file start-v9.cif (mmCIF, C-alpha atoms and all ligand atoms)
data_start
loop_
_atom_site.label_atom_id
_atom_site.label_comp_id
_atom_site.auth_asym_id
_atom_site.auth_seq_id
_atom_site.Cartn_x
_atom_site.Cartn_y
_atom_site.Cartn_z
CA MET L 1 0.00 0.00 0.00
CA THR L 2 1.19 3.53 -0.73
CA ASN L 3 1.26 6.11 2.04
CA SER L 4 -1.62 7.94 0.30
CA GLU L 5 -3.70 4.75 0.33
CA THR L 6 -3.05 4.23 4.05
CA LEU L 7 -3.84 7.85 4.85
CA PHE L 8 -7.04 7.72 2.78
CA GLU L 9 -8.18 4.64 4.68
CA GLN L 10 -7.60 6.41 8.01
CA ALA L 11 -9.31 9.59 6.80
CA GLN L 12 -12.46 7.71 5.82
CA LYS L 13 -12.91 6.59 9.41
CA TYR L 14 -13.47 10.14 10.58
CA ILE L 15 -14.26 12.34 7.57
CA PRO L 16 -17.20 11.69 5.20
CA GLY L 17 -15.63 10.05 2.17
CA GLY L 18 -12.22 10.89 3.62
CA VAL L 19 -12.29 14.43 2.23
CA ASN L 20 -13.46 17.89 3.19
CA SER L 21 -14.63 18.74 -0.35
CA PRO L 22 -16.13 16.04 -2.60
CA VAL L 23 -14.11 16.38 -5.85
CA ARG L 24 -10.94 15.59 -3.90
CA ALA L 25 -12.14 12.00 -3.42
CA PHE L 26 -11.28 11.15 -7.08
CA ARG L 27 -14.82 9.80 -7.66
CA GLY L 28 -14.69 11.35 -11.13
CA VAL L 29 -11.57 9.41 -12.16
CA GLY L 30 -11.38 6.38 -9.86
CA GLY L 31 -8.43 5.34 -7.71
CA THR L 32 -7.15 6.80 -4.48
CA PRO L 33 -6.63 10.52 -3.99
CA LEU L 34 -3.07 11.60 -3.37
CA PHE L 35 -2.23 13.07 0.01
CA PHE L 36 0.20 15.94 -0.19
CA LYS L 37 2.97 16.89 2.16
CA HIS L 38 4.41 20.05 0.69
CA ALA L 39 4.41 22.26 -2.36
CA GLU L 40 6.94 24.60 -3.92
CA GLY L 41 6.59 26.70 -7.06
CA ALA L 42 4.83 24.69 -9.77
CA TYR L 43 5.21 21.38 -7.92
CA LEU L 44 3.27 19.31 -5.43
CA TYR L 45 4.99 16.56 -3.41
CA ASP L 46 2.88 13.69 -2.15
CA GLU L 47 3.24 11.56 0.98
CA ASP L 48 5.11 8.94 -1.08
CA GLY L 49 7.76 11.41 -2.16
CA GLN L 50 6.51 11.77 -5.75
CA ARG L 51 6.65 15.15 -7.48
CA TYR L 52 3.81 16.46 -9.67
CA ILE L 53 3.51 19.45 -11.96
CA ASP L 54 0.41 21.16 -10.58
CA TYR L 55 -2.39 22.39 -12.86
CA ILE L 56 -4.95 22.84 -10.08
CA GLY L 57 -3.17 25.36 -7.88
CA SER L 58 -5.47 24.68 -4.90
CA TRP L 59 -8.38 25.11 -7.37
CA GLY L 60 -7.25 28.53 -8.46
CA PRO L 61 -5.72 30.60 -5.66
CA MET L 62 -2.05 29.73 -6.27
CA ILE L 63 -1.59 31.94 -9.32
CA LEU L 64 1.99 32.73 -8.23
CA GLY L 65 2.79 29.08 -7.61
CA HIS L 66 3.18 27.48 -4.19
CA SER L 67 5.09 28.83 -1.19
CA ASP L 68 5.88 32.14 -2.87
CA GLN L 69 8.37 34.04 -0.73
CA ARG L 70 6.32 37.28 -0.84
CA ILE L 71 3.27 35.51 0.59
CA LYS L 72 5.32 33.72 3.22
CA ASP L 73 6.95 36.97 4.33
CA ALA L 74 3.56 38.72 4.59
CA LEU L 75 2.12 35.87 6.63
CA HIS L 76 5.12 35.56 8.95
CA ALA L 77 5.04 39.29 9.67
CA GLN L 78 1.33 39.20 10.51
CA VAL L 79 1.63 36.11 12.72
CA ASP L 80 3.95 38.13 14.98
CA LEU L 81 1.35 40.91 15.23
CA GLY L 82 -1.60 38.66 16.03
CA VAL L 83 -3.72 36.31 13.96
CA GLY L 84 -7.06 38.06 14.34
CA TYR L 85 -8.84 40.75 16.33
CA GLY L 86 -12.48 40.74 15.15
CA ALA L 87 -12.14 44.51 14.83
CA PRO L 88 -11.17 46.85 11.99
CA THR L 89 -7.61 46.93 10.65
CA SER L 90 -5.95 49.14 8.05
CA LEU L 91 -5.19 45.97 6.08
CA GLU L 92 -8.89 45.67 5.24
CA THR L 93 -8.94 49.18 3.79
CA ASP L 94 -5.76 48.44 1.83
CA MET L 95 -7.42 45.31 0.44
CA ALA L 96 -10.70 47.06 -0.38
CA ARG L 97 -8.88 49.95 -2.09
CA LYS L 98 -6.86 47.51 -4.18
CA VAL L 99 -9.95 45.55 -5.23
CA CYS L 100 -11.80 48.75 -6.16
CA GLU L 101 -8.78 49.87 -8.21
CA LEU L 102 -8.48 46.57 -10.06
CA VAL L 103 -12.06 45.42 -10.71
CA PRO L 104 -13.97 47.79 -13.02
CA SER L 105 -17.45 47.34 -11.49
CA ILE L 106 -16.53 47.55 -7.82
CA GLU L 107 -17.07 50.76 -5.84
CA LEU L 108 -17.66 49.17 -2.43
CA VAL L 109 -16.54 45.70 -1.37
CA ARG L 110 -17.24 43.43 1.60
CA MET L 111 -14.86 40.62 2.55
CA VAL L 112 -16.15 37.14 3.41
CA ASN L 113 -14.48 33.75 3.93
CA SER L 114 -15.30 31.71 0.82
CA GLY L 115 -16.67 31.93 -2.70
CA THR L 116 -19.89 30.36 -1.44
CA GLU L 117 -20.40 33.17 1.06
CA ALA L 118 -19.68 35.71 -1.66
CA THR L 119 -22.34 34.42 -4.08
CA MET L 120 -24.84 33.75 -1.29
CA SER L 121 -24.51 37.30 -0.02
CA ALA L 122 -24.66 38.80 -3.52
CA ILE L 123 -27.91 36.91 -4.21
CA ARG L 124 -29.44 38.04 -0.91
CA LEU L 125 -28.40 41.61 -1.63
CA ALA L 126 -29.89 41.50 -5.14
CA ARG L 127 -33.17 40.15 -3.74
CA GLY L 128 -33.22 42.72 -0.94
CA TYR L 129 -32.38 45.56 -3.32
CA THR L 130 -34.97 44.68 -5.98
CA GLY L 131 -37.67 43.27 -3.69
CA ARG L 132 -37.94 40.31 -6.09
CA ASP L 133 -37.44 36.60 -5.38
CA LYS L 134 -36.64 34.87 -8.67
CA ILE L 135 -33.06 34.46 -9.89
CA VAL L 136 -31.56 33.15 -13.12
CA LYS L 137 -28.55 30.86 -13.29
CA PHE L 138 -27.15 28.71 -16.08
CA GLU L 139 -26.99 24.93 -16.23
CA GLY L 140 -23.53 23.58 -15.43
CA CYS L 141 -22.40 26.78 -13.72
CA TYR L 142 -21.41 26.31 -10.09
CA HIS L 143 -21.56 29.13 -7.58
CA GLY L 144 -20.70 27.34 -4.36
CA HIS L 145 -23.02 25.23 -2.20
CA VAL L 146 -25.64 27.93 -1.72
CA ASP L 147 -29.19 26.48 -1.45
CA SER L 148 -30.62 28.70 -4.18
CA LEU L 149 -27.68 27.93 -6.48
CA LEU L 150 -27.35 24.15 -6.16
CA VAL L 151 -29.85 23.74 -8.95
CA LYS L 152 -28.52 22.09 -12.12
CA ALA L 153 -25.07 22.87 -10.74
CA GLY L 154 -21.66 22.00 -12.17
CA SER L 155 -18.36 21.07 -10.50
CA GLY L 156 -18.41 18.31 -7.86
CA ALA L 157 -22.23 18.27 -7.89
CA LEU L 158 -22.08 17.32 -11.57
CA THR L 159 -19.13 14.92 -11.14
CA LEU L 160 -21.01 13.05 -8.41
CA GLY L 161 -24.27 13.06 -10.39
CA VAL L 162 -26.20 15.28 -7.96
CA PRO L 163 -26.66 18.59 -9.78
CA ASN L 164 -29.87 19.11 -7.74
CA SER L 165 -28.94 18.36 -4.14
CA PRO L 166 -31.48 16.86 -1.74
CA GLY L 167 -31.96 19.05 1.32
CA ILE L 168 -32.99 22.13 -0.61
CA PRO L 169 -36.66 23.01 -0.14
CA GLY L 170 -38.62 22.85 -3.39
CA SER L 171 -40.18 26.20 -2.53
CA LEU L 172 -36.69 27.76 -2.68
CA ALA L 173 -35.38 25.81 -5.69
CA GLU L 174 -38.41 26.81 -7.77
CA LEU L 175 -37.34 30.44 -7.49
CA THR L 176 -34.15 29.56 -9.38
CA LEU L 177 -34.70 29.58 -13.14
CA THR L 178 -32.00 27.62 -14.95
CA LEU L 179 -31.25 28.59 -18.53
CA ASP L 180 -28.72 27.39 -21.10
CA PHE L 181 -25.26 28.98 -20.92
CA ASN L 182 -24.41 30.95 -24.07
CA ASP L 183 -28.04 30.85 -25.31
CA ILE L 184 -28.92 34.50 -25.88
CA ASP L 185 -32.41 33.78 -27.29
CA GLY L 186 -33.37 31.66 -24.26
CA VAL L 187 -32.47 34.52 -21.94
CA ARG L 188 -34.43 37.07 -23.99
CA GLU L 189 -37.53 34.83 -24.07
CA THR L 190 -37.50 34.28 -20.31
CA PHE L 191 -37.12 37.97 -19.64
CA LYS L 192 -39.93 38.83 -22.04
CA GLU L 193 -42.18 36.54 -20.04
CA MET L 194 -41.18 37.40 -16.46
CA GLY L 195 -38.25 39.83 -16.46
CA ASP L 196 -39.90 42.12 -13.92
CA GLN L 197 -39.97 39.27 -11.36
CA ILE L 198 -36.27 38.45 -11.65
CA ALA L 199 -33.96 39.88 -8.99
CA ALA L 200 -30.67 38.77 -10.54
CA ILE L 201 -28.82 36.89 -13.20
CA ILE L 202 -25.74 35.15 -11.83
CA VAL L 203 -23.21 33.88 -14.33
CA GLU L 204 -19.63 32.64 -14.53
CA PRO L 205 -18.37 34.81 -17.41
CA VAL L 206 -15.85 32.07 -18.13
CA ALA L 207 -17.61 28.88 -17.05
CA GLY L 208 -15.05 26.82 -15.19
CA ASN L 209 -17.20 24.22 -13.49
CA MET L 210 -18.30 22.28 -16.57
CA ASN L 211 -14.74 22.07 -17.87
CA CYS L 212 -13.87 25.49 -19.35
CA ILE L 213 -16.26 27.40 -21.59
CA PRO L 214 -15.79 31.12 -22.20
CA ALA L 215 -18.91 33.15 -22.92
CA VAL L 216 -19.49 33.43 -26.69
CA PRO L 217 -19.24 36.94 -28.18
CA GLY L 218 -22.46 38.84 -27.44
CA PHE L 219 -23.68 36.62 -24.57
CA LEU L 220 -22.50 38.78 -21.67
CA GLU L 221 -23.53 41.91 -23.58
CA ALA L 222 -27.04 40.45 -23.96
CA LEU L 223 -27.22 39.72 -20.24
CA ARG L 224 -26.24 43.32 -19.53
CA GLU L 225 -28.95 44.53 -21.91
CA VAL L 226 -31.83 42.49 -20.47
CA CYS L 227 -30.81 43.37 -16.93
CA ASP L 228 -30.85 47.08 -17.82
CA GLU L 229 -34.26 46.72 -19.50
CA HIS L 230 -35.85 44.94 -16.56
CA GLY L 231 -34.16 46.44 -13.50
CA THR L 232 -32.46 43.10 -12.78
CA VAL L 233 -29.10 42.94 -11.00
CA LEU L 234 -26.33 41.39 -13.11
CA ILE L 235 -23.93 39.37 -10.96
CA PHE L 236 -20.67 38.07 -12.37
CA ASP L 237 -19.35 35.16 -10.36
CA GLU L 238 -15.64 35.81 -10.80
CA VAL L 239 -14.57 33.54 -7.96
CA MET L 240 -12.57 31.60 -10.53
CA SER L 241 -11.99 34.12 -13.33
CA GLY L 242 -11.25 37.11 -11.08
CA PHE L 243 -7.62 38.32 -11.19
CA ARG L 244 -6.90 35.27 -13.37
CA VAL L 245 -8.23 35.70 -16.92
CA ALA L 246 -7.03 39.31 -16.68
CA LEU L 247 -5.95 41.57 -13.81
CA GLY L 248 -9.47 43.04 -13.68
CA GLY L 249 -11.11 39.67 -14.33
CA ALA L 250 -13.48 38.67 -17.11
CA GLN L 251 -15.28 42.01 -16.88
CA GLU L 252 -12.06 43.71 -17.96
CA LEU L 253 -11.28 41.06 -20.60
CA TYR L 254 -14.71 41.24 -22.23
CA GLY L 255 -15.56 44.88 -21.45
CA VAL L 256 -18.94 44.09 -19.89
CA THR L 257 -19.60 45.63 -16.47
CA PRO L 258 -21.83 43.76 -13.99
CA ASP L 259 -23.67 45.39 -11.08
CA LEU L 260 -22.21 43.02 -8.50
CA THR L 261 -19.19 40.70 -8.56
CA ALA L 262 -18.39 37.68 -6.40
CA LEU L 263 -14.71 37.02 -5.79
CA GLY L 264 -12.69 34.24 -4.13
CA LYS L 265 -9.63 32.06 -4.70
CA VAL L 266 -6.82 34.41 -5.91
CA ILE L 267 -8.04 37.21 -3.61
CA GLY L 268 -7.00 35.13 -0.60
CA GLY L 269 -3.58 34.03 -1.84
CA GLY L 270 -4.40 30.48 -0.66
CA LEU L 271 -6.15 31.42 2.59
CA PRO L 272 -9.94 31.11 3.01
CA VAL L 273 -11.25 34.37 1.52
CA GLY L 274 -14.08 35.60 -0.64
CA ALA L 275 -15.55 39.01 -1.36
CA PHE L 276 -18.52 40.62 -3.04
CA GLY L 277 -18.77 44.14 -4.28
CA GLY L 278 -20.18 46.39 -6.91
CA LYS L 279 -22.16 49.54 -7.48
CA ARG L 280 -22.19 51.84 -4.48
CA GLU L 281 -25.94 52.34 -4.75
CA ILE L 282 -26.61 48.60 -4.40
CA MET L 283 -23.86 47.88 -1.87
CA GLU L 284 -25.25 50.59 0.43
CA HIS L 285 -28.18 48.25 1.12
CA ILE L 286 -25.86 45.96 3.12
CA ALA L 287 -25.79 46.19 6.94
CA PRO L 288 -24.83 48.37 8.78
CA LEU L 289 -25.63 50.95 6.05
CA GLY L 290 -28.79 49.20 4.94
CA PRO L 291 -31.23 46.49 6.00
CA VAL L 292 -29.83 43.46 4.11
CA TYR L 293 -28.00 41.50 6.78
CA GLN L 294 -24.59 39.94 6.24
CA ALA L 295 -21.75 39.34 8.72
CA GLY L 296 -18.73 37.17 9.59
CA THR L 297 -16.69 36.45 12.74
CA LEU L 298 -13.49 35.96 10.75
CA SER L 299 -14.28 38.23 7.78
CA GLY L 300 -11.35 40.46 6.88
CA ASN L 301 -9.03 38.29 8.96
CA PRO L 302 -5.56 39.90 8.99
CA LEU L 303 -3.68 36.75 7.97
CA ALA L 304 -6.03 36.26 5.04
CA MET L 305 -5.80 39.95 4.08
CA SER L 306 -1.99 39.83 4.24
CA ALA L 307 -1.73 36.80 1.95
CA GLY L 308 -4.37 38.19 -0.40
CA LEU L 309 -2.87 41.67 -0.64
CA ALA L 310 0.61 40.28 -1.25
CA THR L 311 -0.85 38.21 -4.09
CA LEU L 312 -2.78 41.10 -5.64
CA ASN L 313 0.32 43.31 -5.43
CA ALA L 314 2.48 40.64 -7.09
CA ILE L 315 0.05 40.06 -9.96
CA SER L 316 -0.25 43.82 -10.53
CA GLU L 317 3.30 43.89 -11.88
CA PRO L 318 3.21 45.06 -15.50
CA GLY L 319 2.97 42.19 -17.98
CA PHE L 320 2.12 39.54 -15.38
CA HIS L 321 -1.08 38.38 -17.07
CA ASP L 322 0.36 38.63 -20.59
CA ARG L 323 3.20 36.33 -19.62
CA LEU L 324 0.89 33.88 -17.84
CA THR L 325 -1.59 33.85 -20.72
CA LYS L 326 1.26 33.17 -23.16
CA LYS L 327 2.34 30.16 -21.08
CA THR L 328 -1.23 28.91 -20.94
CA VAL L 329 -1.66 29.25 -24.69
CA ALA L 330 1.61 27.34 -25.21
CA LEU L 331 0.20 24.55 -23.05
CA ARG L 332 -3.13 24.57 -24.92
CA ASP L 333 -1.42 24.51 -28.31
CA GLY L 334 0.92 21.74 -27.17
CA LEU L 335 -1.94 19.56 -25.92
CA LYS L 336 -3.77 20.02 -29.21
CA ALA L 337 -0.64 19.19 -31.22
CA ALA L 338 -0.08 16.06 -29.10
CA ALA L 339 -3.67 14.99 -29.76
CA ASP L 340 -3.36 15.63 -33.49
CA ALA L 341 -0.10 13.69 -33.65
CA THR L 342 -1.68 10.67 -31.96
CA GLY L 343 -5.03 10.88 -33.78
CA ILE L 344 -7.05 11.64 -30.64
CA PRO L 345 -9.95 14.04 -31.25
CA LEU L 346 -9.53 16.86 -28.74
CA ALA L 347 -10.88 20.40 -28.34
CA VAL L 348 -8.74 22.74 -26.25
CA GLN L 349 -9.89 26.17 -25.13
CA GLY L 350 -9.68 28.69 -22.32
CA ALA L 351 -9.25 32.31 -21.31
CA GLY L 352 -6.17 33.87 -19.73
CA ALA L 353 -4.78 31.48 -17.14
CA MET L 354 -7.78 29.10 -17.26
CA PHE L 355 -7.90 26.20 -19.72
CA GLY L 356 -9.98 23.18 -20.59
CA PHE L 357 -9.67 20.18 -22.89
CA PHE L 358 -12.48 17.97 -24.15
CA PHE L 359 -12.29 14.52 -25.72
CA THR L 360 -14.67 15.27 -28.57
CA GLU L 361 -14.87 15.47 -32.37
CA GLU L 362 -16.31 19.00 -32.06
CA PRO L 363 -13.84 21.79 -32.89
CA SER L 364 -14.98 23.79 -29.85
CA ILE L 365 -17.44 23.46 -26.98
CA THR L 366 -19.81 26.30 -26.14
CA ARG L 367 -22.80 24.50 -24.59
CA PHE L 368 -23.52 22.28 -21.59
CA ASP L 369 -25.11 19.48 -23.68
CA GLN L 370 -21.91 19.30 -25.73
CA VAL L 371 -19.90 18.86 -22.51
CA MET L 372 -22.12 15.95 -21.51
CA ASP L 373 -21.46 14.27 -24.88
CA CYS L 374 -17.67 14.26 -24.41
CA ASP L 375 -15.83 11.00 -23.76
CA THR L 376 -15.44 10.91 -19.97
CA GLU L 377 -14.04 7.36 -20.00
CA ARG L 378 -11.18 8.55 -22.18
CA PHE L 379 -10.69 11.48 -19.80
CA LYS L 380 -10.33 9.11 -16.86
CA LYS L 381 -7.66 7.08 -18.65
CA PHE L 382 -5.85 10.24 -19.67
CA PHE L 383 -5.99 11.61 -16.13
CA GLN L 384 -4.56 8.41 -14.61
CA GLY L 385 -1.87 8.21 -17.29
CA MET L 386 -0.82 11.81 -16.68
CA LEU L 387 -0.73 11.21 -12.93
CA LYS L 388 1.73 8.36 -13.50
CA GLU L 389 3.82 10.74 -15.59
CA GLY L 390 3.90 13.25 -12.70
CA VAL L 391 1.27 15.70 -13.96
CA TYR L 392 -1.56 16.61 -11.60
CA LEU L 393 -4.70 17.62 -13.50
CA ALA L 394 -8.17 18.28 -12.06
CA PRO L 395 -9.65 14.86 -11.19
CA SER L 396 -12.87 15.45 -13.15
CA ALA L 397 -13.83 16.11 -16.76
CA PHE L 398 -16.00 18.96 -15.46
CA GLU L 399 -13.34 21.24 -14.02
CA ALA L 400 -11.16 23.91 -15.58
CA GLY L 401 -7.37 23.76 -15.35
CA PHE L 402 -5.28 26.54 -13.82
CA THR L 403 -1.77 27.69 -14.62
CA SER L 404 0.65 29.54 -12.37
CA ALA L 405 3.50 31.96 -12.89
CA ALA L 406 5.85 29.38 -11.37
CA LEU L 407 5.48 27.04 -14.38
CA THR L 408 8.61 27.07 -16.52
CA ASP L 409 8.78 26.51 -20.27
CA GLU L 410 10.42 23.19 -19.42
CA ASP L 411 7.48 22.18 -17.19
CA ILE L 412 5.11 22.89 -20.05
CA ALA L 413 7.29 20.99 -22.53
CA ASP L 414 7.42 18.04 -20.10
CA THR L 415 3.63 18.14 -19.74
CA ILE L 416 3.11 18.09 -23.50
CA LYS L 417 5.60 15.26 -23.89
CA ALA L 418 3.75 13.26 -21.22
CA ALA L 419 0.39 14.03 -22.88
CA LYS L 420 1.65 12.71 -26.20
CA LYS L 421 2.91 9.53 -24.55
CA VAL L 422 -0.38 8.96 -22.69
CA MET L 423 -2.56 9.83 -25.68
CA ALA L 424 -0.75 7.20 -27.73
CA THR L 425 -2.13 4.60 -25.27
CA LEU L 426 -5.78 5.79 -25.32
N1 LIG Z 1 -18.12 30.27 -7.69
C1 LIG Z 1 -17.30 29.66 -8.55
C2 LIG Z 1 -17.29 30.11 -9.98
C3 LIG Z 1 -16.47 28.63 -8.13
O1 LIG Z 1 -15.66 28.04 -9.02
C4 LIG Z 1 -16.48 28.25 -6.78
C5 LIG Z 1 -15.59 27.13 -6.25
N2 LIG Z 1 -14.92 26.38 -7.14
C6 LIG Z 1 -17.35 28.91 -5.92
C7 LIG Z 1 -18.15 29.92 -6.40
C8 LIG Z 1 -17.40 28.54 -4.47
O2 LIG Z 1 -16.26 28.93 -3.80
P1 LIG Z 1 -15.83 28.21 -2.43
O3 LIG Z 1 -15.51 26.81 -2.77
O4 LIG Z 1 -14.67 29.03 -1.96
O5 LIG Z 1 -17.00 28.33 -1.51
#
call {"tool": "encode", "arguments": {"input": "start-v9.cif", "output": "structure tokens"}}
result
Amino acid sequence: MTNSETLFEQAQKYIPGGVNSPVRAFRGVGGTPLFFKHAEGAYLYDEDGQRYIDYIGSWGPMILGHSDQRIKDALHAQVDLGVGYGAPTSLETDMARKVCELVPSIELVRMVNSGTEATMSAIRLARGYTGRDKIVKFEGCYHGHVDSLLVKAGSGALTLGVPNSPGIPGSLAELTLTLDFNDIDGVRETFKEMGDQIAAIIVEPVAGNMNCIPAVPGFLEALREVCDEHGTVLIFDEVMSGFRVALGGAQELYGVTPDLTALGKVIGGGLPVGAFGGKREIMEHIAPLGPVYQAGTLSGNPLAMSAGLATLNAISEPGFHDRLTKKTVALRDGLKAAADATGIPLAVQGAGAMFGFFFTEEPSITRFDQVMDCDTERFKKFFQGMLKEGVYLAPSAFEAGFTSAALTDEDIADTIKAAKKVMATL
């Protein structure tokens, strides 16, 4: 037995499924999840001493790579000052100022502790602000495990075959209208029928929880238009895309400005952080300024703010995202070339430092039903083959991949070489 296998057995005695978040259990790919001991730069090291090139990056936060010295220094300095006070600190203002500077739509921002809290609070705020109950989401998009949003959800919910989780009252779920991602006509029709009852549209502008599907040209613009026509709040869930597809997120990349934005992952530099923010007029409805209640014992925690700010400062260096996007495109092109060379039909796509690959004959994937038609069995074999070659990909065909600034050209060349070798066996 490997050390990971032993540790997984022990974990299952005390933790449901042995994991604290379902996708980690490798249910989407089979086999035993790896247990990790340490991480440095672009590499993860497991409990059996194996090294892996990491394309998950803690599911997005580690955009600089692991154990970056700037983050470690910021954390060490704060540990000596105290790990939390439950009272205001100047760090929170520094963080809020930075977020407002970087993200086009954000005039006021509130820190929370996860992406789930960010979307949950944004939805409550949109409902409180508009006085409406219905919300629109898109099938295959995942916005955290919020009751109202675990309807036809992506990510682990999709991997485990439970896109509609039990435990959510029907009376709440029926207020969530689920439409097709990238289907402009479907959105227009729904709004024609009941637009004045809809509090918010929430969307991942680059869908990263049903593999990786960027919005098609015109889709986000159409969402902006119908929201303006009907007084509906447009929420971009940029938990994944924020600070990653561009410094200012997908809203900067695509030039469409939402009313509210949910953030997470990169904003915490690896610590548990989320945030939601947006138009001053809407954000002023949040307590203590307004009546919509939202709070958090650990929100704005100084350790989390220190790691997050150090990350945002590092990625603000000129050219950071251009360089990272170039690396990601080299990886995407290399994977496609490896597939072509071995005769494996593969579509590769992405935005900025997010990427996805699909085992399909289609040249590109823009819709959820196309994702469901891809060859997941082939994905599983590819995943396991890559793992043996020392490449750690997301253990599900329904997750985006993430790159980090720590990846070298050699790492990418090694990954492509491994992909070609594994594809030849599929
Ligand atoms: N929104 C999106 C787009 C996400 O990808 C995720 C998590 N992968 C969440 C929200 C939820 O964030 P968290 O897991 O931090 O609660």
call {"tool": "residues_near_ligand", "arguments": {"input": "start-v9.cif", "ligand": "ligand LIG 1 (chain Z)", "cutoff": "9 Å", "atoms": "only C-alpha atoms and all ligand atoms", "output": "count of residues only"}}
result
40
call {"tool": "closest_residue", "arguments": {"input": "start-v9.cif", "among": "L:Ala199, L:Ala295, L:Gly65, L:Thr408", "to": "L:Ile123", "atoms": "only C-alpha atoms"}}
result
L:Ala199
call {"tool": "atom_distance", "arguments": {"input": "start-v9.cif", "atom1": "atom CA of L:Ile15", "atom2": "atom CA of L:Gly49"}}
result
24.1 Å
call {"tool": "atom_distance", "arguments": {"input": "start-v9.cif", "atom1": "atom CA of L:Met423", "atom2": "atom CA of L:Leu393"}}
result
14.6 Å
call {"tool": "atom_distance", "arguments": {"input": "start-v9.cif", "atom1": "atom CA of L:Gly28", "atom2": "atom CA of L:Gln384"}}
result
11.1 Å
call {"tool": "residues_around", "arguments": {"input": "start-v9.cif", "residues": "L:Gly278", "least_positions_apart": "5", "cutoff": "10 Å", "atoms": "all atoms listed in the file", "output": "list in words"}}
result
Cys100, Val103, Pro104, Ser105, Ile106, Glu107, Leu108, Val109, Arg110, Ala122, Ile235, Phe236, Thr257, Pro258, Asp259, Leu260, Thr261, Ala262, Met283 and Glu284 of chain L
call {"tool": "residues_around", "arguments": {"input": "start-v9.cif", "residues": "L:Pro214", "least_positions_apart": "2", "cutoff": "10 Å", "atoms": "only C-alpha atoms", "output": "list in words"}}
result
Phe181, Asn182, Glu204, Pro205, Val206, Ala207, Gly208, Cys212, Val216, Pro217, Phe219, Ala250, Gln349, Gly350, Ala351, Met354, Phe355, Gly356, Ile365, Thr366 and Arg367 of chain L
call {"tool": "residues_around", "arguments": {"input": "start-v9.cif", "residues": "stretch 189-196 of chain L", "least_positions_apart": "6", "cutoff": "10 Å", "atoms": "only C-alpha atoms", "output": "number ranges by chain"}}
result
L: 130, 132, 134-136, 177, 179, 226-227, 229-232
call {"tool": "closest_residue", "arguments": {"input": "start-v9.cif", "among": "L:Glu377, L:Val79, L:Ala419, L:Lys72", "to": "L:Ala310", "atoms": "only C-alpha atoms"}}
result
L:Lys72
call {"tool": "residues_around", "arguments": {"input": "start-v9.cif", "residues": "L:Ala338", "least_positions_apart": "5", "cutoff": "10 Å", "atoms": "all atoms listed in the file", "output": "PDB file with C-alpha atoms, in the coordinates of the input"}}
result
ATOM      1  CA  ARG L 332      -3.130  24.570 -24.920  1.00  0.00           C
ATOM      2  CA  ASP L 333      -1.420  24.510 -28.310  1.00  0.00           C
ATOM      3  CA  GLY L 343      -5.030  10.880 -33.780  1.00  0.00           C
ATOM      4  CA  ILE L 344      -7.050  11.640 -30.640  1.00  0.00           C
ATOM      5  CA  LEU L 346      -9.530  16.860 -28.740  1.00  0.00           C
ATOM      6  CA  ILE L 416       3.110  18.090 -23.500  1.00  0.00           C
ATOM      7  CA  LYS L 417       5.600  15.260 -23.890  1.00  0.00           C
ATOM      8  CA  ALA L 418       3.750  13.260 -21.220  1.00  0.00           C
ATOM      9  CA  ALA L 419       0.390  14.030 -22.880  1.00  0.00           C
ATOM     10  CA  LYS L 420       1.650  12.710 -26.200  1.00  0.00           C
ATOM     11  CA  LYS L 421       2.910   9.530 -24.550  1.00  0.00           C
ATOM     12  CA  VAL L 422      -0.380   8.960 -22.690  1.00  0.00           C
ATOM     13  CA  MET L 423      -2.560   9.830 -25.680  1.00  0.00           C
ATOM     14  CA  ALA L 424      -0.750   7.200 -27.730  1.00  0.00           C
TER      15      ALA L 424
END
call {"tool": "residues_around", "arguments": {"input": "start-v9.cif", "residues": "L:Val266", "least_positions_apart": "3", "cutoff": "8 Å", "atoms": "all atoms listed in the file", "output": "list in words"}}
result
Gly60, Pro61, Met62, Ile63, Met240, Gly242, Phe243, Arg244, Gly269, Gly270, Gly308, Thr311 and Leu312 of chain L
call {"tool": "write_last_selection", "arguments": {"input": "start-v9.cif", "atoms": "C-alpha atoms", "output": "PDB file, keeping the file's coordinate frame"}}
result
ATOM      1  CA  GLY L  60      -7.250  28.530  -8.460  1.00  0.00           C
ATOM      2  CA  PRO L  61      -5.720  30.600  -5.660  1.00  0.00           C
ATOM      3  CA  MET L  62      -2.050  29.730  -6.270  1.00  0.00           C
ATOM      4  CA  ILE L  63      -1.590  31.940  -9.320  1.00  0.00           C
ATOM      5  CA  MET L 240     -12.570  31.600 -10.530  1.00  0.00           C
ATOM      6  CA  GLY L 242     -11.250  37.110 -11.080  1.00  0.00           C
ATOM      7  CA  PHE L 243      -7.620  38.320 -11.190  1.00  0.00           C
ATOM      8  CA  ARG L 244      -6.900  35.270 -13.370  1.00  0.00           C
ATOM      9  CA  GLY L 269      -3.580  34.030  -1.840  1.00  0.00           C
ATOM     10  CA  GLY L 270      -4.400  30.480  -0.660  1.00  0.00           C
ATOM     11  CA  GLY L 308      -4.370  38.190  -0.400  1.00  0.00           C
ATOM     12  CA  THR L 311      -0.850  38.210  -4.090  1.00  0.00           C
ATOM     13  CA  LEU L 312      -2.780  41.100  -5.640  1.00  0.00           C
TER      14      LEU L 312
END
call {"tool": "axis_aligned_box", "arguments": {"input": "start-v9.cif", "around": "stretch 402-418 of chain L", "padding_each_side": "3 Å", "output": "JSON"}}
result
{"center_x": 2.6, "center_y": 22.6, "center_z": -17.6, "size_x": 21.7, "size_y": 24.7, "size_z": 18.5}
call {"tool": "closest_residue", "arguments": {"input": "start-v9.cif", "among": "L:Ile213, L:Ile53, L:Leu247, L:Gly161", "to": "L:Asn313", "atoms": "all atoms listed in the file"}}
result
L:Leu247
